[in-house]
$ cat target-v8.cif   # mmCIF, C-alpha atoms
data_my_file
loop_
_atom_site.group_PDB
_atom_site.id
_atom_site.type_symbol
_atom_site.label_atom_id
_atom_site.label_comp_id
_atom_site.auth_asym_id
_atom_site.auth_seq_id
_atom_site.Cartn_x
_atom_site.Cartn_y
_atom_site.Cartn_z
ATOM 1 C CA MET P 201 0.000 0.000 0.000
ATOM 2 C CA ILE P 202 1.378 3.406 -0.962
ATOM 3 C CA PRO P 203 1.501 6.143 1.737
ATOM 4 C CA ALA P 204 -1.368 8.143 0.241
ATOM 5 C CA GLN P 205 -3.702 5.138 0.386
ATOM 6 C CA ARG P 206 -2.685 4.357 3.943
ATOM 7 C CA GLN P 207 -3.205 8.007 4.990
ATOM 8 C CA GLN P 208 -6.694 8.038 3.480
ATOM 9 C CA GLN P 209 -7.565 4.891 5.407
ATOM 10 C CA ILE P 210 -6.190 6.424 8.611
ATOM 11 C CA LEU P 211 -8.454 9.424 8.041
ATOM 12 C CA ALA P 212 -11.428 7.146 7.511
ATOM 13 C CA MET P 213 -10.662 5.305 10.755
ATOM 14 C CA ILE P 214 -10.289 8.482 12.779
ATOM 15 C CA ARG P 215 -13.535 9.872 11.369
ATOM 16 C CA SER P 216 -15.285 6.692 12.406
ATOM 17 C CA ASN P 217 -13.800 6.403 15.890
ATOM 18 C CA GLY P 218 -12.785 9.966 16.750
ATOM 19 C CA HIS P 219 -9.231 8.854 17.587
ATOM 20 C CA VAL P 220 -6.512 6.384 16.635
ATOM 21 C CA GLN P 221 -3.475 4.881 18.361
ATOM 22 C CA VAL P 222 -0.055 4.546 16.752
ATOM 23 C CA SER P 223 0.417 0.993 18.057
ATOM 24 C CA SER P 224 -2.906 -0.293 16.686
ATOM 25 C CA LEU P 225 -2.361 1.396 13.319
ATOM 26 C CA SER P 226 1.086 -0.156 13.085
ATOM 27 C CA LYS P 227 -0.406 -3.612 13.553
ATOM 28 C CA SER P 228 -3.343 -2.983 11.205
ATOM 29 C CA PHE P 229 -1.174 -1.834 8.307
ATOM 30 C CA GLY P 230 1.853 -4.020 8.997
ATOM 31 C CA VAL P 231 4.285 -1.107 9.084
ATOM 32 C CA SER P 232 6.539 0.360 11.762
ATOM 33 C CA GLU P 233 5.313 2.826 14.363
ATOM 34 C CA LEU P 234 7.798 5.341 12.930
ATOM 35 C CA THR P 235 6.035 5.091 9.566
ATOM 36 C CA ILE P 236 2.661 5.698 11.219
ATOM 37 C CA ARG P 237 4.029 8.718 13.080
ATOM 38 C CA ARG P 238 5.221 10.125 9.758
ATOM 39 C CA ASP P 239 1.733 9.602 8.317
ATOM 40 C CA LEU P 240 0.147 11.368 11.285
ATOM 41 C CA LYS P 241 2.591 14.265 11.003
ATOM 42 C CA TYR P 242 1.803 14.609 7.290
ATOM 43 C CA LEU P 243 -1.938 14.701 8.008
ATOM 44 C CA SER P 244 -1.498 17.037 10.979
ATOM 45 C CA ASP P 245 0.590 19.493 8.937
ATOM 46 C CA ARG P 246 -2.334 19.736 6.524
ATOM 47 C CA GLY P 247 -4.825 20.461 9.269
ATOM 48 C CA LEU P 248 -6.640 17.141 9.012
ATOM 49 C CA LEU P 249 -6.139 15.928 12.575
ATOM 50 C CA SER P 250 -4.547 16.802 15.882
ATOM 51 C CA ARG P 251 -1.738 14.645 17.196
ATOM 52 C CA ARG P 252 -1.885 13.356 20.753
ATOM 53 C CA PHE P 253 0.544 11.295 22.801
ATOM 54 C CA GLY P 254 0.466 7.817 21.314
ATOM 55 C CA GLY P 255 -1.974 8.700 18.533
ATOM 56 C CA ALA P 256 -4.237 11.393 17.105
ATOM 57 C CA VAL P 257 -7.752 12.811 17.319
ATOM 58 C CA LEU P 258 -9.923 14.384 14.681
ATOM 59 C CA GLU P 259 -10.893 17.522 16.521
ATOM 60 C CA LYS P 260 -8.331 20.227 17.177
ATOM 61 C CA SER P 261 -8.246 23.067 19.680
ATOM 62 C CA ALA P 262 -7.158 26.611 18.806
ATOM 63 C CA LYS P 263 -6.731 28.584 22.008
ATOM 64 C CA PHE P 264 -4.867 31.597 20.656
ATOM 65 C CA GLU P 265 -5.719 34.145 18.003
ATOM 66 C CA ILE P 266 -3.425 34.238 14.982
ATOM 67 C CA ASP P 267 -2.431 37.671 13.724
ATOM 68 C CA TYR P 268 -4.219 38.698 10.530
ATOM 69 C CA SER P 269 -0.914 39.332 8.720
ATOM 70 C CA GLU P 270 -0.099 35.646 9.155
ATOM 71 C CA LYS P 271 -3.544 34.354 8.187
ATOM 72 C CA ILE P 272 -3.752 36.316 4.942
ATOM 73 C CA SER P 273 -0.619 34.639 3.600
ATOM 74 C CA GLU P 274 -1.922 31.116 4.216
ATOM 75 C CA PHE P 275 -3.939 28.990 1.741
ATOM 76 C CA LYS P 276 -4.239 31.863 -0.752
ATOM 77 C CA GLU P 277 -5.381 29.703 -3.657
ATOM 78 C CA GLU P 278 -7.969 27.882 -1.566
ATOM 79 C CA LYS P 279 -9.367 31.143 -0.169
ATOM 80 C CA ALA P 280 -9.567 32.677 -3.652
ATOM 81 C CA ALA P 281 -11.487 29.633 -4.895
ATOM 82 C CA ILE P 282 -13.849 29.803 -1.902
ATOM 83 C CA GLY P 283 -14.460 33.498 -2.587
ATOM 84 C CA ALA P 284 -15.213 32.830 -6.250
ATOM 85 C CA LYS P 285 -17.658 30.053 -5.360
ATOM 86 C CA ALA P 286 -19.416 32.339 -2.874
ATOM 87 C CA ALA P 287 -19.796 35.049 -5.517
ATOM 88 C CA GLU P 288 -21.637 32.586 -7.784
ATOM 89 C CA LEU P 289 -24.379 32.334 -5.149
ATOM 90 C CA VAL P 290 -25.149 36.062 -5.037
ATOM 91 C CA GLU P 291 -27.828 37.794 -7.109
ATOM 92 C CA ASP P 292 -28.446 41.400 -8.098
ATOM 93 C CA GLY P 293 -30.177 43.271 -5.314
ATOM 94 C CA ASP P 294 -28.904 41.053 -2.507
ATOM 95 C CA ILE P 295 -27.970 42.480 0.861
ATOM 96 C CA ILE P 296 -25.116 40.404 2.217
ATOM 97 C CA CYS P 297 -23.411 40.185 5.609
ATOM 98 C CA VAL P 298 -19.709 39.343 5.617
ATOM 99 C CA ASN P 299 -17.729 39.200 8.851
ATOM 100 C CA GLY P 300 -14.029 39.420 9.660
ATOM 101 C CA GLY P 301 -11.173 37.203 8.581
ATOM 102 C CA SER P 302 -8.949 36.619 5.578
ATOM 103 C CA THR P 303 -11.292 34.144 3.863
ATOM 104 C CA ALA P 304 -14.151 36.627 4.223
ATOM 105 C CA VAL P 305 -11.988 39.255 2.496
ATOM 106 C CA SER P 306 -11.568 36.863 -0.435
ATOM 107 C CA VAL P 307 -15.364 36.599 -0.602
ATOM 108 C CA VAL P 308 -15.751 40.385 -0.790
ATOM 109 C CA GLU P 309 -12.999 40.622 -3.401
ATOM 110 C CA SER P 310 -14.823 38.131 -5.607
ATOM 111 C CA LEU P 311 -18.181 39.844 -5.013
ATOM 112 C CA LEU P 312 -16.806 43.181 -6.183
ATOM 113 C CA LYS P 313 -15.461 41.618 -9.373
ATOM 114 C CA THR P 314 -18.949 40.469 -10.380
ATOM 115 C CA ASN P 315 -20.139 44.090 -10.769
ATOM 116 C CA LYS P 316 -23.506 43.049 -9.379
ATOM 117 C CA LYS P 317 -25.632 45.698 -7.708
ATOM 118 C CA ILE P 318 -25.460 44.430 -4.180
ATOM 119 C CA THR P 319 -25.064 45.796 -0.667
ATOM 120 C CA ILE P 320 -22.317 44.352 1.516
ATOM 121 C CA VAL P 321 -22.557 44.852 5.278
ATOM 122 C CA THR P 322 -19.277 44.076 6.996
ATOM 123 C CA ASN P 323 -17.142 44.644 10.055
ATOM 124 C CA ASN P 324 -14.041 43.725 8.055
ATOM 125 C CA VAL P 325 -11.764 46.773 7.859
ATOM 126 C CA ASP P 326 -9.429 45.110 5.338
ATOM 127 C CA VAL P 327 -12.221 45.462 2.773
ATOM 128 C CA VAL P 328 -11.339 49.168 2.465
ATOM 129 C CA ARG P 329 -8.290 48.402 0.350
ATOM 130 C CA LEU P 330 -10.496 46.665 -2.235
ATOM 131 C CA LEU P 331 -12.797 49.605 -2.899
ATOM 132 C CA ASN P 332 -12.733 52.094 -5.739
ATOM 133 C CA LYS P 333 -15.141 54.674 -7.098
ATOM 134 C CA ASP P 334 -16.357 52.459 -9.930
ATOM 135 C CA GLU P 335 -17.904 49.727 -7.806
ATOM 136 C CA ASN P 336 -21.569 48.863 -8.346
ATOM 137 C CA ALA P 337 -21.657 47.442 -4.841
ATOM 138 C CA THR P 338 -22.572 49.527 -1.817
ATOM 139 C CA VAL P 339 -20.436 48.730 1.225
ATOM 140 C CA ILE P 340 -21.681 49.503 4.738
ATOM 141 C CA PHE P 341 -19.307 49.174 7.691
ATOM 142 C CA THR P 342 -20.863 48.212 10.989
ATOM 143 C CA GLY P 343 -18.704 50.348 13.219
ATOM 144 C CA GLY P 344 -17.469 49.076 16.549
ATOM 145 C CA VAL P 345 -14.151 48.782 18.327
ATOM 146 C CA PHE P 346 -11.259 48.281 15.909
ATOM 147 C CA ARG P 347 -9.004 45.317 16.588
ATOM 148 C CA ALA P 348 -5.704 45.528 14.721
ATOM 149 C CA LYS P 349 -4.947 41.856 15.222
ATOM 150 C CA SER P 350 -8.013 40.790 13.244
ATOM 151 C CA ARG P 351 -8.413 43.932 11.088
ATOM 152 C CA SER P 352 -12.059 44.049 12.111
ATOM 153 C CA MET P 353 -14.567 46.018 14.180
ATOM 154 C CA SER P 354 -16.674 44.278 16.772
ATOM 155 C CA GLY P 355 -18.470 44.552 20.083
ATOM 156 C CA SER P 356 -21.701 46.125 21.238
ATOM 157 C CA LEU P 357 -21.220 49.232 19.070
ATOM 158 C CA SER P 358 -21.668 47.044 15.972
ATOM 159 C CA SER P 359 -25.095 45.898 17.074
ATOM 160 C CA PRO P 360 -27.278 49.013 16.470
ATOM 161 C CA LEU P 361 -26.575 49.088 12.742
ATOM 162 C CA LEU P 362 -26.996 45.346 12.311
ATOM 163 C CA GLN P 363 -30.315 45.422 14.173
ATOM 164 C CA ASN P 364 -31.693 47.660 11.408
ATOM 165 C CA ILE P 365 -30.744 45.352 8.533
ATOM 166 C CA TRP P 366 -32.249 42.163 7.142
ATOM 167 C CA ALA P 367 -29.703 40.414 4.925
ATOM 168 C CA ASN P 368 -30.578 37.978 2.150
ATOM 169 C CA LYS P 369 -27.423 35.934 2.669
ATOM 170 C CA SER P 370 -24.423 35.796 4.989
ATOM 171 C CA PHE P 371 -20.898 34.584 4.334
ATOM 172 C CA ILE P 372 -19.248 33.908 7.650
ATOM 173 C CA GLY P 373 -15.533 33.384 8.154
ATOM 174 C CA VAL P 374 -14.595 31.143 11.074
ATOM 175 C CA ASP P 375 -11.670 30.367 13.341
ATOM 176 C CA GLY P 376 -13.135 26.908 13.831
ATOM 177 C CA PHE P 377 -16.116 24.859 12.635
ATOM 178 C CA SER P 378 -17.268 21.632 14.257
ATOM 179 C CA ILE P 379 -20.537 19.763 13.895
ATOM 180 C CA LYS P 380 -20.526 19.074 17.630
ATOM 181 C CA HIS P 381 -19.271 22.425 18.934
ATOM 182 C CA GLY P 382 -20.520 24.791 16.234
ATOM 183 C CA LEU P 383 -18.985 27.880 14.694
ATOM 184 C CA THR P 384 -16.311 29.198 17.052
ATOM 185 C CA VAL P 385 -13.908 32.143 17.243
ATOM 186 C CA ASN P 386 -11.078 33.230 19.524
ATOM 187 C CA VAL P 387 -12.498 36.595 20.631
ATOM 188 C CA TYR P 388 -15.766 36.998 22.517
ATOM 189 C CA GLU P 389 -16.717 40.344 20.939
ATOM 190 C CA GLU P 390 -16.320 38.933 17.453
ATOM 191 C CA ALA P 391 -18.491 35.981 18.397
ATOM 192 C CA LEU P 392 -21.261 38.438 19.321
ATOM 193 C CA THR P 393 -20.974 40.377 16.054
ATOM 194 C CA THR P 394 -20.988 37.177 14.001
ATOM 195 C CA GLN P 395 -23.974 35.881 15.938
ATOM 196 C CA THR P 396 -25.924 39.076 15.235
ATOM 197 C CA MET P 397 -25.133 38.915 11.509
ATOM 198 C CA ILE P 398 -26.495 35.382 11.357
ATOM 199 C CA GLU P 399 -29.613 36.320 13.332
ATOM 200 C CA ARG P 400 -30.292 39.179 10.905
ATOM 201 C CA THR P 401 -30.124 36.933 7.819
ATOM 202 C CA THR P 402 -33.419 35.809 6.297
ATOM 203 C CA GLY P 403 -31.862 33.566 3.660
ATOM 204 C CA ARG P 404 -29.010 31.090 3.615
ATOM 205 C CA VAL P 405 -26.047 31.349 5.940
ATOM 206 C CA TYR P 406 -22.753 30.108 4.511
ATOM 207 C CA ALA P 407 -19.646 29.352 6.551
ATOM 208 C CA VAL P 408 -16.518 29.964 4.467
ATOM 209 C CA ALA P 409 -13.479 28.036 5.643
ATOM 210 C CA ALA P 410 -10.411 26.281 4.295
ATOM 211 C CA GLY P 411 -9.892 22.715 5.467
ATOM 212 C CA ASN P 412 -7.525 23.719 8.268
ATOM 213 C CA LYS P 413 -10.490 25.314 10.105
ATOM 214 C CA ILE P 414 -12.780 22.277 9.941
ATOM 215 C CA ASN P 415 -13.131 20.323 13.189
ATOM 216 C CA VAL P 416 -11.234 23.037 15.027
ATOM 217 C CA VAL P 417 -12.750 24.271 18.294
ATOM 218 C CA CYS P 418 -11.951 27.771 19.580
ATOM 219 C CA ASN P 419 -12.750 29.491 22.845
ATOM 220 C CA PHE P 420 -16.057 31.210 22.031
ATOM 221 C CA LYS P 421 -19.084 29.858 20.184
ATOM 222 C CA ALA P 422 -20.978 32.147 17.859
ATOM 223 C CA VAL P 423 -23.737 29.705 16.833
ATOM 224 C CA ASP P 424 -24.520 25.995 16.694
ATOM 225 C CA SER P 425 -23.637 24.200 13.466
ATOM 226 C CA SER P 426 -27.378 23.774 12.841
ATOM 227 C CA LYS P 427 -27.573 27.534 12.160
ATOM 228 C CA ILE P 428 -25.285 27.114 9.136
ATOM 229 C CA ASP P 429 -27.014 26.129 5.896
ATOM 230 C CA ALA P 430 -23.860 25.280 3.962
ATOM 231 C CA VAL P 431 -20.085 25.254 4.274
ATOM 232 C CA ILE P 432 -18.011 26.507 1.360
ATOM 233 C CA THR P 433 -14.614 24.873 1.686
ATOM 234 C CA ASP P 434 -11.728 23.343 -0.219
ATOM 235 C CA GLY P 435 -11.198 19.705 -1.137
ATOM 236 C CA ILE P 436 -9.644 18.849 2.218
ATOM 237 C CA GLY P 437 -12.515 20.436 4.130
ATOM 238 C CA GLY P 438 -14.974 18.551 1.949
ATOM 239 C CA GLN P 439 -13.263 15.243 2.710
ATOM 240 C CA ILE P 440 -13.454 15.883 6.436
ATOM 241 C CA LEU P 441 -17.127 16.858 6.415
ATOM 242 C CA GLU P 442 -18.509 14.347 3.920
ATOM 243 C CA ASN P 443 -18.773 11.542 6.466
ATOM 244 C CA GLU P 444 -19.916 13.715 9.363
ATOM 245 C CA PRO P 445 -23.490 12.999 10.491
ATOM 246 C CA ASP P 446 -25.757 16.059 10.553
ATOM 247 C CA ALA P 447 -23.317 18.109 8.468
ATOM 248 C CA PRO P 448 -24.779 21.072 6.566
ATOM 249 C CA ASP P 449 -24.602 21.178 2.776
ATOM 250 C CA ILE P 450 -21.011 20.997 1.570
ATOM 251 C CA ILE P 451 -19.928 23.190 -1.352
ATOM 252 C CA VAL P 452 -16.402 22.391 -2.523
ATOM 253 C CA ALA P 453 -14.557 25.215 -4.259
ATOM 254 C CA ASP P 454 -12.354 23.826 -7.009
#

$ encode --input "target-v8.cif" --output "structure tokens"
Amino acid sequence: MIPAQRQQQILAMIRSNGHVQVSSLSKSFGVSELTIRRDLKYLSDRGLLSRRFGGAVLEKSAKFEIDYSEKISEFKEEKAAIGAKAAELVEDGDIICVNGGSTAVSVVESLLKTNKKITIVTNNVDVVRLLNKDENATVIFTGGVFRAKSRSMSGSLSSPLLQNIWANKSFIGVDGFSIKHGLTVNVYEEALTTQTMIERTTGRVYAVAAGNKINVVCNFKAVDSSKIDAVITDGIGGQILENEPDAPDIIVAD
């Protein structure tokens, strides 16, 4: 069996059981424990599992916020594809909520390229660099307390504007998405702003996330996974979610 086949089977086993042990995998595949550890490292480096002493688990924990300057340089191609797929789902006249995060910025960038007459409501300050006078889109910023680390505005000051808007669709960036633990972020104030955006959406709510955010659990929950109608993700994210019971619709961005 070639490594790629073995790694896919390891993923299938961990999805089924929630965890695996190096010793049992070594016996099952007839290879050394060192080989199994290499497989687990390969899968962990790609955000597919979290290594534990003696084995690995599917769900990962992200306790600390990553600086925006680091996030924007990661998975650029995947985020661009996710943004393009999101833009295909938007129609003229839509009012759309988009929250903070680098994947959400890719969504706005793709939306602006469509030249559709839409209104984008966002707390994402990095969107400013994408704007020019020729846009057909109207962009409304929520206001709130600016956080340089996330390049976003959040908190209670964002709420009054959002309470006066009904959006047709929302595209929600995440720090973590888990069927069991829901849509989670690392900052409480941003969880509140994201929650309000979702509550003020009459149509479909889309989580937008590369595969490294799937089955990650962060400190603060914005909403249960049941509040998400679909997840727009890359091929890795699609693989992780396809066998999850009660998963929302999965839209894979090629």

$ closest_residue --input "target-v8.cif" --among "P:Asn386, P:Ser250, P:Thr342, P:Gln395" --to "P:Asn412" --atoms "all atoms listed in the file"
P:Ser250

$ residues_around --input "target-v8.cif" --residues "P:Leu392" --least-positions-apart "5" --cutoff "9 Å" --atoms "all atoms listed in the file" --output "JSON list (two decimals) with C-alpha atoms, in the coordinates of the input"
[["chain", "number", "residue", "atom", "x", "y", "z"],
["P", 354, "SER", "CA", -16.67, 44.28, 16.77],
["P", 355, "GLY", "CA", -18.47, 44.55, 20.08],
["P", 356, "SER", "CA", -21.70, 46.12, 21.24],
["P", 359, "SER", "CA", -25.10, 45.90, 17.07],
["P", 397, "MET", "CA", -25.13, 38.92, 11.51],
["P", 421, "LYS", "CA", -19.08, 29.86, 20.18],
["P", 422, "ALA", "CA", -20.98, 32.15, 17.86]]

$ residues_around --input "target-v8.cif" --residues "P:Lys413" --least-positions-apart "4" --cutoff "7 Å" --atoms "all atoms listed in the file" --output "PyMOL selection string"
chain P and resi 375-377+409

$ write_last_selection --input "target-v8.cif" --atoms "C-alpha atoms" --output "mmCIF file, in the frame of the given file"
data_model
loop_
_atom_site.group_PDB
_atom_site.id
_atom_site.type_symbol
_atom_site.label_atom_id
_atom_site.label_comp_id
_atom_site.auth_asym_id
_atom_site.auth_seq_id
_atom_site.Cartn_x
_atom_site.Cartn_y
_atom_site.Cartn_z
ATOM 1 C CA ASP P 375 -11.670 30.367 13.341
ATOM 2 C CA GLY P 376 -13.135 26.908 13.831
ATOM 3 C CA PHE P 377 -16.116 24.859 12.635
ATOM 4 C CA ALA P 409 -13.479 28.036 5.643
#

$ closest_residue --input "target-v8.cif" --among "P:Val220, P:Ala284, P:Val307, P:Leu248" --to "P:Leu441" --atoms "only C-alpha atoms"
P:Leu248

$ residues_around --input "target-v8.cif" --residues "P:Arg237" --least-positions-apart "6" --cutoff "10 Å" --atoms "only C-alpha atoms" --output "PyMOL selection string"
chain P and resi 221-223+225-226+243+251+254-256

$ resolve_selection --input "target-v8.cif" --expression "the PyMOL selection byres ((chain P and resi 239) around 12)" --output "number ranges by chain"
P: 202-211, 222, 225-226, 229, 231-238, 240-246, 248-249, 251, 255-256

$ resolve_selection --input "target-v8.cif" --expression "the PyMOL selection byres ((chain P and resi 340) around 7)" --output "CSV table (one decimal) with C-alpha atoms, in the coordinates of the input"
chain,number,residue,atom,x,y,z
P,320,ILE,CA,-22.3,44.4,1.5
P,321,VAL,CA,-22.6,44.9,5.3
P,322,THR,CA,-19.3,44.1,7.0
P,338,THR,CA,-22.6,49.5,-1.8
P,339,VAL,CA,-20.4,48.7,1.2
P,341,PHE,CA,-19.3,49.2,7.7
P,342,THR,CA,-20.9,48.2,11.0

$ atom_distance --input "target-v8.cif" --atom1 "atom CA of P:Leu361" --atom2 "atom CA of P:Ile282"
27.4 Å

$ atom_distance --input "target-v8.cif" --atom1 "atom CA of P:Phe253" --atom2 "atom CA of P:His219"
11.3 Å

$ resolve_selection --input "target-v8.cif" --expression "the PyMOL selection byres ((chain P and resi 406) around 10)" --output "list of chain:residue names"
P:Ala286, P:Val298, P:Lys369, P:Ser370, P:Phe371, P:Ile372, P:Gly373, P:Ile398, P:Gly403, P:Arg404, P:Val405, P:Ala407, P:Val408, P:Ala409, P:Lys427, P:Ile428, P:Asp429, P:Ala430, P:Val431, P:Ile432, P:Pro448, P:Asp449, P:Ile450, P:Ile451

$ closest_residue --input "target-v8.cif" --among "P:Val423, P:Ala287, P:Met213, P:Ala367" --to "P:Ala453" --atoms "all atoms listed in the file"
P:Ala287

$ atom_distance --input "target-v8.cif" --atom1 "atom CA of P:Arg215" --atom2 "atom CA of P:Asn443"
7.4 Å

$ decode --input "target-v8.cif" --residues "stretch 345-371 of chain P" --atoms "N, CA and C atoms" --output "short mmCIF file (atom, residue, chain, number, x, y, z; two decimals), in the first residue's frame"
data_model
loop_
_atom_site.label_atom_id
_atom_site.label_comp_id
_atom_site.auth_asym_id
_atom_site.auth_seq_id
_atom_site.Cartn_x
_atom_site.Cartn_y
_atom_site.Cartn_z
N VAL P 345 -15.51 48.59 17.84
CA VAL P 345 -14.15 48.78 18.33
C VAL P 345 -13.18 48.08 17.38
N PHE P 346 -12.22 48.84 16.86
CA PHE P 346 -11.26 48.28 15.91
C PHE P 346 -10.23 47.42 16.63
N ARG P 347 -10.03 46.22 16.08
CA ARG P 347 -9.00 45.32 16.59
C ARG P 347 -7.97 45.10 15.49
N ALA P 348 -6.75 45.61 15.73
CA ALA P 348 -5.70 45.53 14.72
C ALA P 348 -5.32 44.08 14.41
N LYS P 349 -5.38 43.23 15.42
CA LYS P 349 -4.95 41.86 15.22
C LYS P 349 -5.82 41.11 14.22
N SER P 350 -7.10 41.46 14.17
CA SER P 350 -8.01 40.79 13.24
C SER P 350 -8.45 41.69 12.09
N ARG P 351 -8.01 42.96 12.11
CA ARG P 351 -8.41 43.93 11.09
C ARG P 351 -9.93 44.02 10.98
N SER P 352 -10.60 44.02 12.12
CA SER P 352 -12.06 44.05 12.11
C SER P 352 -12.58 44.94 13.23
N MET P 353 -13.88 45.26 13.14
CA MET P 353 -14.57 46.02 14.18
C MET P 353 -15.61 45.11 14.81
N SER P 354 -15.74 45.17 16.11
CA SER P 354 -16.67 44.28 16.77
C SER P 354 -17.13 44.87 18.09
N GLY P 355 -17.98 44.11 18.79
CA GLY P 355 -18.47 44.55 20.08
C GLY P 355 -19.87 45.13 20.01
N SER P 356 -20.32 45.65 21.13
CA SER P 356 -21.70 46.13 21.24
C SER P 356 -22.00 47.31 20.32
N LEU P 357 -21.00 48.09 19.95
CA LEU P 357 -21.22 49.23 19.07
C LEU P 357 -21.55 48.81 17.64
N SER P 358 -21.29 47.55 17.30
CA SER P 358 -21.67 47.04 15.97
C SER P 358 -23.15 46.70 15.90
N SER P 359 -23.74 46.44 17.04
CA SER P 359 -25.10 45.90 17.07
C SER P 359 -26.18 46.84 16.55
N PRO P 360 -26.17 48.15 16.91
CA PRO P 360 -27.28 49.01 16.47
C PRO P 360 -27.49 49.02 14.96
N LEU P 361 -26.41 49.09 14.19
CA LEU P 361 -26.57 49.09 12.74
C LEU P 361 -27.12 47.75 12.26
N LEU P 362 -26.55 46.67 12.76
CA LEU P 362 -27.00 45.35 12.31
C LEU P 362 -28.45 45.08 12.67
N GLN P 363 -28.93 45.64 13.77
CA GLN P 363 -30.31 45.42 14.17
C GLN P 363 -31.31 46.11 13.24
N ASN P 364 -30.82 46.96 12.36
CA ASN P 364 -31.69 47.66 11.41
C ASN P 364 -31.57 47.11 9.99
N ILE P 365 -30.96 45.95 9.85
CA ILE P 365 -30.74 45.35 8.53
C ILE P 365 -31.27 43.92 8.52
N TRP P 366 -31.94 43.57 7.41
CA TRP P 366 -32.25 42.16 7.14
C TRP P 366 -31.46 41.77 5.91
N ALA P 367 -30.52 40.86 6.05
CA ALA P 367 -29.70 40.41 4.93
C ALA P 367 -30.36 39.23 4.22
N ASN P 368 -30.10 39.13 2.92
CA ASN P 368 -30.58 37.98 2.15
C ASN P 368 -29.69 36.75 2.34
N LYS P 369 -28.39 37.01 2.50
CA LYS P 369 -27.42 35.93 2.67
C LYS P 369 -26.30 36.42 3.58
N SER P 370 -25.62 35.48 4.21
CA SER P 370 -24.42 35.80 4.99
C SER P 370 -23.30 34.84 4.60
N PHE P 371 -22.09 35.38 4.54
CA PHE P 371 -20.90 34.58 4.33
C PHE P 371 -20.00 34.81 5.55
#
